[in-house]
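Accompanying notes for the structure given below.
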Amino acid sequence: MQLAVLGIGLLGREIAMRLVAHGFQVLAWNRSPEKAASLAEAGIAQAQDAGTAIAASDCTLLLLSDAAAIRETLLTTACKPNLAGRMIVQMGTIAPEESRDIAASIERAGGSYLEAPVLGSLPEAREGRLIVMAGGDESLYQRCLPVFQALSEAPQRIGEIGQGAAVKLAMNQLIAGLTTSFAYSLGLVRDANVNVEQFMSLLRRSALYAPTFDKKLDKYLNHDYRGANFPLKHLQKDLSLFCRVAQGMSFNSTPLLALEEVFSGAIADGLADADYSAIYEALVHARGPKTSPQRPLKDDQDSDN
Ligand code: NAP
């Protein structure tokens, strides 16, 4: 199957590499062409523009930042004619309503649309362990299943368009919520000069433990958030999407909106490209860390995004 991957950012790059390694022919396009060009060594050719990539492929995977990026890439006068008869699979994190709107525009242009957002990050993409939560037509899903099976041990179709996006947003709200909760508890333990390992050993034996706590522990302890696989700016985007969805329902959005403000402050303080766990600094060290062996992300330090 000839595939196109639009968006060779952190996740798109790994997905393109994984798919080519699994025998798919892959064509890449990225707004900044140098990122797509860097995949040539892996046998992934670069398309001149998004429309060319779509027209040349059976199926096009979107790994773009957000709904605005998708619209700017696909729903332009130049690109729309290439959508006729083509299958588009949206894999980024966007809101259910955005997904339904984009689907409708693609279908009006004669294309077909499936959403397949993923949970997991770069290691999971590399190893084919992403959690795929698809939404859309069952027969389209079946046609795309070999692609999903190369990326995931157990891809699932959740339901209609918007339902996959809803599950994905529910998952990412948990990332923000668990990270926030743990930051406050760890902050208290450290402030009280309690041995962190003793606290962790108790927590690990309790029903309150989540593996993500240990995964990020060194980052909190060292105040070092470089090498982001999933940068804070994307978790902020997802939290904002969740807030908008919650406001459209009968949820009390007050705590979500307060948290969104903290995330926005952290972005304004230069943490956009840091690992999302850097939100710890904004939550617990609102007036700066008491002891700061390393600043969160220095201007002259590279992160992997
Ligand atoms: P990323 O590294 O920031 O890459 C974003 C991609 O979108 C880049 O290719 C960027 O192109 C492109 N883009 C942004 N604005 C654009 C525009 N206006 N027009 C055209 N292209 C545009 O993000 P990522 O981590 O790969 O994530 C991609 C999506 O997957 C996001 O929705 C994210 O929330 C979701 N996701 C990410 C992870 C993860 O672990 N990283 C996991 C699950 C889901 P340029 O290179 O030209 O800027």
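The chains in the structure tokens are called A, B, ... from first to last as shown; in each chain the residues are counted from 1, and the ligands are counted from 1 in the order shown.
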
- Message: Just want the 12 Å neighbourhood of Phe230 (chain A), counted on only C-alpha atoms, with same-chain residues fewer than 4 positions away dropped. Output as a list in words.
- Response: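 Close residues of Phe230 (chain A): Gly9, Leu10, Leu11, Ser65, Thr93, Leu119, Gly120, Ser121, Leu122, Pro123, Asn172, Ile175, Tyr225, Arg226, His234, Leu235, Gln236, Lys237, Asp238, Ala272, Asp273, Ala274, Asp275, Tyr276, Ser277, Ala278, Ser303, Asp304 and Asn305 of chain A.
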
Now that the selection is made, can you save its residues with C-alpha atoms as a PDB file, in the first residue's frame?
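Everything below was put into part.pdb:
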```pdb
ATOM      1  CA  GLY A   9       7.452  16.243  13.469  1.00  0.00           C
ATOM      2  CA  LEU A  10       8.386  14.160  16.502  1.00  0.00           C
ATOM      3  CA  LEU A  11       5.646  11.557  16.083  1.00  0.00           C
ATOM      4  CA  SER A  65      -0.056  19.716  15.322  1.00  0.00           C
ATOM      5  CA  THR A  93      -4.928  15.022  18.844  1.00  0.00           C
ATOM      6  CA  LEU A 119      -1.770   7.226  22.943  1.00  0.00           C
ATOM      7  CA  GLY A 120       1.929   6.575  23.497  1.00  0.00           C
ATOM      8  CA  SER A 121       4.949   8.470  22.378  1.00  0.00           C
ATOM      9  CA  LEU A 122       8.123   8.009  20.356  1.00  0.00           C
ATOM     10  CA  PRO A 123       9.368   4.738  21.939  1.00  0.00           C
ATOM     11  CA  ASN A 172      -4.784  13.246  27.647  1.00  0.00           C
ATOM     12  CA  ILE A 175      -1.974  12.960  31.575  1.00  0.00           C
ATOM     13  CA  TYR A 225      13.084  18.636  31.183  1.00  0.00           C
ATOM     14  CA  ARG A 226      15.194  18.401  28.057  1.00  0.00           C
ATOM     15  CA  HIS A 234       0.977  19.932  22.987  1.00  0.00           C
ATOM     16  CA  LEU A 235      -0.369  18.960  26.401  1.00  0.00           C
ATOM     17  CA  GLN A 236      -1.483  22.575  26.825  1.00  0.00           C
ATOM     18  CA  LYS A 237      -3.280  22.329  23.465  1.00  0.00           C
ATOM     19  CA  ASP A 238      -5.007  19.132  24.604  1.00  0.00           C
ATOM     20  CA  ALA A 272       6.748  25.218  25.434  1.00  0.00           C
ATOM     21  CA  ASP A 273       9.293  22.741  24.066  1.00  0.00           C
ATOM     22  CA  ALA A 274      10.225  21.201  27.415  1.00  0.00           C
ATOM     23  CA  ASP A 275       8.889  17.780  28.384  1.00  0.00           C
ATOM     24  CA  TYR A 276       5.329  18.171  29.611  1.00  0.00           C
ATOM     25  CA  SER A 277       6.378  17.173  33.132  1.00  0.00           C
ATOM     26  CA  ALA A 278       7.989  20.648  33.355  1.00  0.00           C
ATOM     27  CA  SER A 303      15.658  19.234  23.037  1.00  0.00           C
ATOM     28  CA  ASP A 304      14.610  16.464  20.660  1.00  0.00           C
ATOM     29  CA  ASN A 305      11.715  18.341  19.073  1.00  0.00           C
TER      30      ASN A 305
END
```

- Task: Name all residues at most 7 Å from Gly159 (chain A) (count only C-alpha atoms; drop same-chain ones fewer than 2 positions away) and give them as a ChimeraX atom specification.
- Result: /A:135-136,157,161,163-164

Give me a file of those residues, with N, CA and C atoms, as a PDB file, in the first residue's frame.
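New file part_38.pdb:
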```pdb
ATOM      1  N   GLY A 135     -12.005   6.175  14.861  1.00  0.00           N
ATOM      2  CA  GLY A 135     -13.422   6.513  14.751  1.00  0.00           C
ATOM      3  C   GLY A 135     -13.763   6.727  13.289  1.00  0.00           C
ATOM      4  N   GLY A 136     -14.885   6.145  12.869  1.00  0.00           N
ATOM      5  CA  GLY A 136     -15.298   6.309  11.472  1.00  0.00           C
ATOM      6  C   GLY A 136     -15.835   5.014  10.908  1.00  0.00           C
ATOM      7  N   ARG A 157     -11.334   0.123  16.957  1.00  0.00           N
ATOM      8  CA  ARG A 157     -12.290   1.102  16.442  1.00  0.00           C
ATOM      9  C   ARG A 157     -13.264   1.384  17.578  1.00  0.00           C
ATOM     10  N   ILE A 161     -16.966   8.871  13.817  1.00  0.00           N
ATOM     11  CA  ILE A 161     -16.022  10.001  13.845  1.00  0.00           C
ATOM     12  C   ILE A 161     -16.375  10.889  15.039  1.00  0.00           C
ATOM     13  N   GLN A 163     -15.798   9.909  18.166  1.00  0.00           N
ATOM     14  CA  GLN A 163     -15.732   9.058  19.365  1.00  0.00           C
ATOM     15  C   GLN A 163     -14.291   8.640  19.673  1.00  0.00           C
ATOM     16  N   GLY A 164     -13.516   8.401  18.625  1.00  0.00           N
ATOM     17  CA  GLY A 164     -12.081   8.119  18.824  1.00  0.00           C
ATOM     18  C   GLY A 164     -11.402   9.357  19.403  1.00  0.00           C
TER      19      GLY A 164
END
```

- Message: List the spatial neighbours of Thr212 (chain A) as number ranges by chain - criterion: any atom at most 9 Å away, only C-alpha atoms, same-chain residues fewer than 5 positions off excluded.
- Response: A: 175, 178-179, 217

Save out the residues we just selected, all heavy atoms, as a PDB file, in the first residue's frame.
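Wrote result-v5.pdb, looks like this:
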```pdb
ATOM      1  N   ILE A 175      -3.414  12.621  31.509  1.00  0.00           N
ATOM      2  CA  ILE A 175      -1.974  12.960  31.575  1.00  0.00           C
ATOM      3  C   ILE A 175      -1.817  14.263  32.366  1.00  0.00           C
ATOM      4  O   ILE A 175      -1.003  14.358  33.284  1.00  0.00           O
ATOM      5  CB  ILE A 175      -1.349  13.108  30.166  1.00  0.00           C
ATOM      6  CG1 ILE A 175      -1.472  11.813  29.358  1.00  0.00           C
ATOM      7  CG2 ILE A 175       0.125  13.524  30.285  1.00  0.00           C
ATOM      8  CD1 ILE A 175      -0.925  11.898  27.939  1.00  0.00           C
ATOM      9  N   LEU A 178      -3.044  13.636  36.195  1.00  0.00           N
ATOM     10  CA  LEU A 178      -2.137  12.815  37.007  1.00  0.00           C
ATOM     11  C   LEU A 178      -0.831  13.559  37.259  1.00  0.00           C
ATOM     12  O   LEU A 178      -0.268  13.507  38.354  1.00  0.00           O
ATOM     13  CB  LEU A 178      -1.846  11.481  36.295  1.00  0.00           C
ATOM     14  CG  LEU A 178      -2.971  10.447  36.311  1.00  0.00           C
ATOM     15  CD1 LEU A 178      -2.626   9.268  35.406  1.00  0.00           C
ATOM     16  CD2 LEU A 178      -3.227   9.946  37.733  1.00  0.00           C
ATOM     17  N   THR A 179      -0.348  14.243  36.223  1.00  0.00           N
ATOM     18  CA  THR A 179       0.912  14.977  36.363  1.00  0.00           C
ATOM     19  C   THR A 179       0.752  16.088  37.399  1.00  0.00           C
ATOM     20  O   THR A 179       1.622  16.295  38.248  1.00  0.00           O
ATOM     21  CB  THR A 179       1.347  15.548  34.991  1.00  0.00           C
ATOM     22  OG1 THR A 179       1.440  14.462  34.071  1.00  0.00           O
ATOM     23  CG2 THR A 179       2.687  16.247  35.064  1.00  0.00           C
ATOM     24  N   LEU A 217      10.039  10.801  37.324  1.00  0.00           N
ATOM     25  CA  LEU A 217      10.579  11.203  38.633  1.00  0.00           C
ATOM     26  C   LEU A 217      11.936  11.906  38.528  1.00  0.00           C
ATOM     27  O   LEU A 217      12.158  12.953  39.133  1.00  0.00           O
ATOM     28  CB  LEU A 217      10.669   9.974  39.559  1.00  0.00           C
ATOM     29  CG  LEU A 217      11.067  10.262  41.003  1.00  0.00           C
ATOM     30  CD1 LEU A 217      10.077  11.201  41.674  1.00  0.00           C
ATOM     31  CD2 LEU A 217      11.174   8.960  41.795  1.00  0.00           C
TER      32      LEU A 217
END
```

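Closest approach to ligand 1 among A:Gly43, A:Gly187, A:Pro155, A:Pro231: A:Pro231, based on only C-alpha atoms and all ligand atoms.
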
- Message: Just the number, please: distance in Å from CA of Ser112 (chain A) to CA of Lys80 (chain A), one decimal.
- Response: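 Calculated distance between CA of Ser112 (chain A) and CA of Lys80 (chain A) is 12.3 Å.
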
- helix (DSSP H, G or I) call set, DSSP backbone run, region 12-130 of chain A, as an MDAnalysis selection string: chainID A and resid 12:21 33:37 40:42 50:55 67:74 80:83 96:108 122:126

Could you take the residues named above and write them with N, CA and C atoms, as a short mmCIF file (atom, residue, chain, number, x, y, z; two decimals), in the first residue's frame?
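Final file, result39.cif:
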```cif
data_model
loop_
_atom_site.label_atom_id
_atom_site.label_comp_id
_atom_site.auth_asym_id
_atom_site.auth_seq_id
_atom_site.Cartn_x
_atom_site.Cartn_y
_atom_site.Cartn_z
N GLY A 12 5.36 12.03 13.70
CA GLY A 12 5.25 11.67 12.29
C GLY A 12 6.51 10.99 11.77
N ARG A 13 7.64 11.47 12.23
CA ARG A 13 8.91 10.89 11.81
C ARG A 13 9.00 9.41 12.22
N GLU A 14 8.67 9.15 13.48
CA GLU A 14 8.76 7.76 13.98
C GLU A 14 7.75 6.86 13.28
N ILE A 15 6.57 7.39 13.03
CA ILE A 15 5.53 6.59 12.37
C ILE A 15 5.94 6.28 10.94
N ALA A 16 6.47 7.27 10.23
CA ALA A 16 6.92 7.04 8.84
C ALA A 16 8.00 5.97 8.81
N MET A 17 8.95 6.06 9.75
CA MET A 17 10.07 5.10 9.79
C MET A 17 9.56 3.69 10.11
N ARG A 18 8.63 3.62 11.03
CA ARG A 18 8.08 2.31 11.43
C ARG A 18 7.35 1.66 10.23
N LEU A 19 6.61 2.47 9.51
CA LEU A 19 5.80 1.93 8.41
C LEU A 19 6.69 1.48 7.25
N VAL A 20 7.72 2.24 6.95
CA VAL A 20 8.61 1.82 5.86
C VAL A 20 9.35 0.53 6.26
N ALA A 21 9.70 0.43 7.53
CA ALA A 21 10.36 -0.79 8.00
C ALA A 21 9.43 -2.00 7.92
N PRO A 33 10.68 21.75 4.75
CA PRO A 33 11.06 20.58 3.94
C PRO A 33 12.26 19.80 4.47
N GLU A 34 13.15 20.45 5.22
CA GLU A 34 14.37 19.74 5.66
C GLU A 34 14.05 18.52 6.52
N LYS A 35 12.94 18.57 7.26
CA LYS A 35 12.61 17.41 8.12
C LYS A 35 12.22 16.20 7.28
N ALA A 36 11.46 16.44 6.21
CA ALA A 36 11.07 15.32 5.34
C ALA A 36 12.28 14.83 4.55
N ALA A 37 13.15 15.76 4.14
CA ALA A 37 14.34 15.39 3.36
C ALA A 37 15.24 14.45 4.15
N ALA A 40 15.24 10.55 3.64
CA ALA A 40 15.63 9.92 2.38
C ALA A 40 16.47 8.66 2.61
N GLU A 41 17.36 8.74 3.60
CA GLU A 41 18.25 7.59 3.90
C GLU A 41 17.45 6.34 4.24
N ALA A 42 16.28 6.56 4.83
CA ALA A 42 15.43 5.42 5.24
C ALA A 42 14.56 4.93 4.07
N ALA A 50 1.78 18.97 -0.28
CA ALA A 50 0.84 18.04 0.36
C ALA A 50 -0.09 17.41 -0.69
N GLY A 51 -0.56 18.20 -1.65
CA GLY A 51 -1.48 17.70 -2.67
C GLY A 51 -0.85 16.59 -3.50
N THR A 52 0.39 16.76 -3.86
CA THR A 52 1.10 15.73 -4.63
C THR A 52 1.19 14.43 -3.83
N ALA A 53 1.49 14.58 -2.54
CA ALA A 53 1.60 13.39 -1.68
C ALA A 53 0.27 12.65 -1.60
N ILE A 54 -0.81 13.41 -1.43
CA ILE A 54 -2.15 12.79 -1.31
C ILE A 54 -2.52 12.10 -2.62
N ALA A 55 -2.31 12.81 -3.74
CA ALA A 55 -2.70 12.27 -5.05
C ALA A 55 -1.94 10.99 -5.39
N ALA A 67 -5.89 21.18 14.55
CA ALA A 67 -6.90 21.30 13.49
C ALA A 67 -6.57 22.44 12.52
N ALA A 68 -6.02 23.53 13.06
CA ALA A 68 -5.67 24.66 12.18
C ALA A 68 -4.62 24.22 11.16
N ALA A 69 -3.65 23.46 11.62
CA ALA A 69 -2.59 22.98 10.69
C ALA A 69 -3.19 22.05 9.63
N ILE A 70 -4.17 21.25 10.04
CA ILE A 70 -4.81 20.33 9.08
C ILE A 70 -5.55 21.14 8.02
N ARG A 71 -6.31 22.13 8.47
CA ARG A 71 -7.07 22.95 7.51
C ARG A 71 -6.12 23.69 6.57
N GLU A 72 -5.05 24.25 7.12
CA GLU A 72 -4.10 25.01 6.28
C GLU A 72 -3.38 24.11 5.28
N THR A 73 -3.28 22.84 5.62
CA THR A 73 -2.56 21.91 4.72
C THR A 73 -3.50 21.30 3.68
N LEU A 74 -4.68 20.88 4.13
CA LEU A 74 -5.55 20.08 3.24
C LEU A 74 -6.67 20.87 2.57
N LYS A 80 -7.40 20.88 -2.20
CA LYS A 80 -8.69 20.18 -2.17
C LYS A 80 -8.94 19.25 -3.36
N PRO A 81 -8.62 19.66 -4.61
CA PRO A 81 -8.92 18.77 -5.74
C PRO A 81 -8.23 17.41 -5.63
N ASN A 82 -7.11 17.37 -4.88
CA ASN A 82 -6.39 16.09 -4.73
C ASN A 82 -7.06 15.13 -3.76
N LEU A 83 -8.06 15.61 -3.05
CA LEU A 83 -8.71 14.75 -2.04
C LEU A 83 -9.70 13.77 -2.65
N PRO A 96 -13.28 16.36 19.19
CA PRO A 96 -14.27 15.59 18.41
C PRO A 96 -14.98 16.45 17.35
N GLU A 97 -15.38 17.66 17.75
CA GLU A 97 -16.10 18.53 16.82
C GLU A 97 -15.21 18.94 15.65
N GLU A 98 -13.94 19.22 15.96
CA GLU A 98 -12.99 19.56 14.90
C GLU A 98 -12.85 18.39 13.92
N SER A 99 -12.79 17.19 14.47
CA SER A 99 -12.63 16.01 13.63
C SER A 99 -13.85 15.84 12.71
N ARG A 100 -15.06 16.05 13.26
CA ARG A 100 -16.27 15.92 12.44
C ARG A 100 -16.31 17.00 11.35
N ASP A 101 -15.89 18.22 11.69
CA ASP A 101 -15.87 19.32 10.70
C ASP A 101 -14.89 19.01 9.57
N ILE A 102 -13.72 18.56 9.94
CA ILE A 102 -12.69 18.26 8.92
C ILE A 102 -13.18 17.10 8.05
N ALA A 103 -13.79 16.10 8.69
CA ALA A 103 -14.33 14.96 7.92
C ALA A 103 -15.33 15.45 6.88
N ALA A 104 -16.23 16.35 7.32
CA ALA A 104 -17.27 16.84 6.41
C ALA A 104 -16.64 17.58 5.23
N SER A 105 -15.63 18.39 5.49
CA SER A 105 -14.97 19.14 4.40
C SER A 105 -14.28 18.18 3.43
N ILE A 106 -13.63 17.17 3.97
CA ILE A 106 -12.93 16.20 3.10
C ILE A 106 -13.95 15.42 2.27
N GLU A 107 -15.04 15.03 2.91
CA GLU A 107 -16.07 14.28 2.17
C GLU A 107 -16.71 15.15 1.08
N ARG A 108 -16.92 16.43 1.37
CA ARG A 108 -17.46 17.34 0.33
C ARG A 108 -16.50 17.43 -0.85
N LEU A 122 7.17 8.45 21.38
CA LEU A 122 8.12 8.01 20.36
C LEU A 122 8.61 6.57 20.56
N PRO A 123 8.95 6.14 21.78
CA PRO A 123 9.37 4.74 21.94
C PRO A 123 8.27 3.76 21.52
N GLU A 124 7.02 4.10 21.87
CA GLU A 124 5.89 3.22 21.52
C GLU A 124 5.69 3.19 20.00
N ALA A 125 5.89 4.31 19.34
CA ALA A 125 5.77 4.35 17.87
C ALA A 125 6.88 3.50 17.24
N ARG A 126 8.08 3.65 17.77
CA ARG A 126 9.24 2.90 17.26
C ARG A 126 9.02 1.40 17.39
#
```

- Task: Could you find all residues in region 74-232 of chain A that DSSP calls strand (DSSP E or B) from the backbone, and write them as an MDAnalysis selection string?
- Result: chainID A and resid 87:90 112:115 118:119 131:135 156:159 231

Dump as a PDB file, in the first residue's frame, selection limited to C-alpha atoms:
```
ATOM      1  CA  MET A  87      -8.442   8.156   2.041  1.00  0.00           C
ATOM      2  CA  ILE A  88      -7.285  10.492   4.831  1.00  0.00           C
ATOM      3  CA  VAL A  89      -6.442   9.195   8.309  1.00  0.00           C
ATOM      4  CA  GLN A  90      -6.116  11.850  11.015  1.00  0.00           C
ATOM      5  CA  SER A 112     -12.996   9.733   2.789  1.00  0.00           C
ATOM      6  CA  TYR A 113     -11.910  10.283   6.380  1.00  0.00           C
ATOM      7  CA  LEU A 114     -11.056   8.205   9.394  1.00  0.00           C
ATOM      8  CA  GLU A 115      -9.734   9.452  12.731  1.00  0.00           C
ATOM      9  CA  VAL A 118      -2.888   7.511  19.336  1.00  0.00           C
ATOM     10  CA  LEU A 119      -1.770   7.226  22.943  1.00  0.00           C
ATOM     11  CA  ILE A 131      -2.704   2.607  21.401  1.00  0.00           C
ATOM     12  CA  VAL A 132      -4.842   3.389  18.344  1.00  0.00           C
ATOM     13  CA  MET A 133      -8.376   4.704  18.993  1.00  0.00           C
ATOM     14  CA  ALA A 134     -10.110   4.931  15.633  1.00  0.00           C
ATOM     15  CA  GLY A 135     -13.422   6.513  14.751  1.00  0.00           C
ATOM     16  CA  GLN A 156      -9.390  -0.533  18.216  1.00  0.00           C
ATOM     17  CA  ARG A 157     -12.290   1.102  16.442  1.00  0.00           C
ATOM     18  CA  ILE A 158     -14.166   3.029  19.113  1.00  0.00           C
ATOM     19  CA  GLY A 159     -17.148   4.051  16.981  1.00  0.00           C
ATOM     20  CA  PRO A 231       6.342  18.760  24.650  1.00  0.00           C
TER      21      PRO A 231
END
```

- Query: For ligand 1, which residue out of A:Asn229, A:Ser139, A:Gln2, A:Ser240 is the nearest one, using only C-alpha atoms and all ligand atoms?
  - Reply: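 Among A:Asn229, A:Ser139, A:Gln2, A:Ser240, it is A:Asn229 that comes nearest to ligand 1.
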
- Selected residue of minimal separation from ligand 1 among A:Leu232, A:Ala4, A:Leu271, A:Leu174, counting only C-alpha atoms and all ligand atoms: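 For ligand 1, the nearest of the given residues is A:Leu232.
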
- Query: What is the distance, in Å and to one decimal place, between CA of Phe24 (chain A) and CA of Glu127 (chain A)?
  - Reply: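 Interatomic distance here is 15.9 Å.
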
- Surrounding residues of Leu208 (chain A) excluding itself and chain neighbours under 5 positions, 12 Å, only C-alpha atoms, as a list in words: Leu178, Ser181, Phe182, Ser185, Met200, Ser201, Leu202, Leu203 and Phe213 of chain A

- Task: Excluding Thr180 (chain A) and residues on its chain fewer than 2 positions from it, collect all residues at most 8 Å away from it, counting only C-alpha atoms, and give them as a ChimeraX atom specification.
- Result: /A:176-178,182-184,279-280,283

- Find the residue from A:Gly111, A:Gly227, A:Gly23, A:Pro211 that sits nearest to ligand 1; use only C-alpha atoms and all ligand atoms when measuring.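 Residue with the minimum atom-to-atom distance to ligand 1: A:Gly227.
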
- Item | Selected residue, from A:Leu221, A:Met249, A:Ala56, A:Ala282, that lies nearest to Met1 (chain A) when counting only C-alpha atoms |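 For Met1 (chain A), the nearest of the given residues is A:Ala56.
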
- Message: Just the number, please: distance in Å from CA of Leu257 (chain A) to CA of Asp66 (chain A), one decimal.
- Response: 20.0 Å
